[in-house]
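Since the structure comes first, as structure tokens, the remarks are kept for the end.
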Amino acid sequence: MGTTLVSGQDQSLHLEVRHVALLRPFTWLGLGWLDLRKHWGASVGYGALTVALGWTLLVFCATHPYFIAAAITGFLLVGPAMSAGLCEMSRRYSLGQPASFDDSLDGFGRNSSALIEFGAILAICAVVWFGISAVLLGTVFHIAAPDIGETLYRGFIDSANRSQVQAYIAVGGVLAASVFAVSVVAIPLIIDRHATAGEAMRASVKAVFTNIPAMIVWSALILILTIIGYAPLLGGLLIVAPLLGHATWHAYRDLIR
């Protein structure tokens, strides 16, 4: 199945979105693991940065379920952004080239304007969604947002109730699905094919809807691995984050001809 995406520079980026097998995401993880092992230090360095960010978000945002959506949003935003370096490493490996941590930084400069635009779009969507979630709490779930005193000086157990937890599970799920749909191949497409942010996001959505069964498997694997990464005080993300970053490159190679 082919599709043509038109850039803002009167050029056409011709992309062919391919069908993949249901269990192909397991192969992406296997290939990502091989890439991770080629340079442990550089890959785990990105994992360490992810853990550091996660701890920062937990410290400032996890005192009340009302702010959990903000923490989830921030984490989802940094994931695709930081994967640029990991995708650059895998890109170099696929060409038979070595890749150090310094080499991986080239991924952020290969198409920096599109990367910045992509990050900005996700950030705007996150802010809008966070506002919408507050409205949903009041109008749909009939839950009042906590005041700042309650948020800062009361713990999760004291201030949370079952309805709030369920509401934010729903909010977080919709948010995660939306981010997944627009970013599944966006970063590697931006750095490899110099796609614009809009082209990359449209191609990602196209790839998801063309391969819904495989994408369900892939999203489930991401969720399971992320939960595993969170379990030991975020320590598992040292490996999980770079593994998923490298695997994203191989997903792109399979999904986009």
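Ordered as shown in the structure tokens, chains take letters A, B, and onward, while each chain numbers its residues from 1 and ligands are numbered from 1 in the order shown.
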Write out as an MDAnalysis selection string which residues come within 8 Å of Leu31 of chain A when counting only C-alpha atoms, dropping same-chain ones fewer than 5 positions away. chainID A and resid 246:247 250
Preceding selection exported with all heavy atoms as a compact mmCIF listing (two decimals), in the first residue's frame:
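Ended up saving to out-v2.txt:
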# COMPACT_ATOMS: atom_id res chain seq x y z
N HIS A 246 15.83 1.45 20.24
CA HIS A 246 16.44 0.72 19.12
C HIS A 246 15.38 -0.06 18.33
O HIS A 246 15.43 -0.11 17.08
CB HIS A 246 17.51 -0.26 19.64
CG HIS A 246 18.77 0.40 20.11
ND1 HIS A 246 19.52 1.21 19.28
CD2 HIS A 246 19.41 0.36 21.30
CE1 HIS A 246 20.58 1.64 19.95
NE2 HIS A 246 20.53 1.16 21.18
N ALA A 247 14.44 -0.68 19.04
CA ALA A 247 13.40 -1.46 18.37
C ALA A 247 12.53 -0.57 17.48
O ALA A 247 12.02 -1.03 16.45
CB ALA A 247 12.54 -2.17 19.41
N HIS A 250 13.76 -0.52 13.97
CA HIS A 250 13.47 -1.72 13.20
C HIS A 250 11.98 -1.80 12.85
O HIS A 250 11.61 -2.34 11.79
CB HIS A 250 13.95 -2.95 13.98
CG HIS A 250 15.42 -2.99 14.15
ND1 HIS A 250 16.28 -3.29 13.11
CD2 HIS A 250 16.21 -2.69 15.22
CE1 HIS A 250 17.53 -3.22 13.54
NE2 HIS A 250 17.53 -2.85 14.81
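Across A:Ala52, A:Val184, A:Ala114, A:Leu122, the tightest approach to Met215 of chain A is made by A:Val184 when counting only C-alpha atoms.
Taking only C-alpha atoms into account, Asn111 of chain A lies nearest to A:Ala186 out of the set A:Ala251, A:Ala186, A:Ala207, A:Leu23.
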Of the candidates A:His194, A:His39, A:Arg92, A:Arg257, which one gets nearest to Leu115 of chain A if we count only C-alpha atoms?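 Comparing A:His194, A:His39, A:Arg92, A:Arg257 against Leu115 of chain A, the winner is A:His194.
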Check the smallest atom-to-atom distance from each of A:Ile187, A:Val127, A:Ile239, A:Ala21 to Ile216 of chain A using only C-alpha atoms, then report the winner.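 For Ile216 of chain A, the nearest of the given residues is A:Ala21.
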Distance of atom CA of Ile228 of chain A from atom CA of Leu36 of chain A, expressed in Å to one decimal place: 17.7 Å
Report as a PyMOL selection string: the residues of segment 7-53 of chain A with a DSSP assignment of strand (DSSP E), based on the backbone of this structure. chain A and resi 12-16
Give me a file of those residues, with all heavy atoms, as a short mmCIF file (atom, residue, chain, number, x, y, z; two decimals), in the first residue's frame.
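The file below, part.cif, is the result:
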data_model
loop_
_atom_site.label_atom_id
_atom_site.label_comp_id
_atom_site.auth_asym_id
_atom_site.auth_seq_id
_atom_site.Cartn_x
_atom_site.Cartn_y
_atom_site.Cartn_z
N SER A 12 7.49 16.11 -2.78
CA SER A 12 6.65 15.01 -2.35
C SER A 12 7.51 13.92 -1.74
O SER A 12 8.54 13.54 -2.30
CB SER A 12 5.87 14.43 -3.55
OG SER A 12 4.97 15.39 -4.06
N LEU A 13 7.10 13.46 -0.58
CA LEU A 13 7.77 12.35 0.07
C LEU A 13 6.93 11.11 -0.19
O LEU A 13 5.82 10.99 0.30
CB LEU A 13 7.89 12.61 1.57
CG LEU A 13 8.58 11.52 2.39
CD1 LEU A 13 10.03 11.36 1.95
CD2 LEU A 13 8.51 11.85 3.87
N HIS A 14 7.45 10.22 -1.01
CA HIS A 14 6.72 9.02 -1.40
C HIS A 14 7.02 7.91 -0.40
O HIS A 14 8.16 7.50 -0.24
CB HIS A 14 7.11 8.58 -2.81
CG HIS A 14 6.79 9.59 -3.87
ND1 HIS A 14 5.53 9.70 -4.43
CD2 HIS A 14 7.54 10.57 -4.43
CE1 HIS A 14 5.54 10.69 -5.33
NE2 HIS A 14 6.74 11.24 -5.33
N LEU A 15 5.99 7.46 0.27
CA LEU A 15 6.14 6.43 1.28
C LEU A 15 5.23 5.25 0.96
O LEU A 15 4.08 5.44 0.54
CB LEU A 15 5.77 6.97 2.67
CG LEU A 15 6.60 8.14 3.20
CD1 LEU A 15 6.01 8.63 4.51
CD2 LEU A 15 8.05 7.73 3.39
N GLU A 16 5.73 4.07 1.16
CA GLU A 16 4.92 2.87 1.02
C GLU A 16 4.80 2.21 2.39
O GLU A 16 5.79 1.76 2.96
CB GLU A 16 5.53 1.88 0.03
CG GLU A 16 4.67 0.65 -0.19
CD GLU A 16 5.28 -0.30 -1.21
OE1 GLU A 16 6.26 0.10 -1.87
OE2 GLU A 16 4.76 -1.43 -1.33
#
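Across A:Ala197, A:Ala120, A:Ile256, A:Pro242, the tightest approach to Gly229 of chain A is made by A:Pro242 when counting only C-alpha atoms.
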Using only C-alpha atoms, which residue out of A:Ser43, A:Ser204, A:Thr226, A:Thr50 lies closest to Asp102 of chain A?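 Counting only C-alpha atoms, the residue closest to Asp102 of chain A is A:Ser43.
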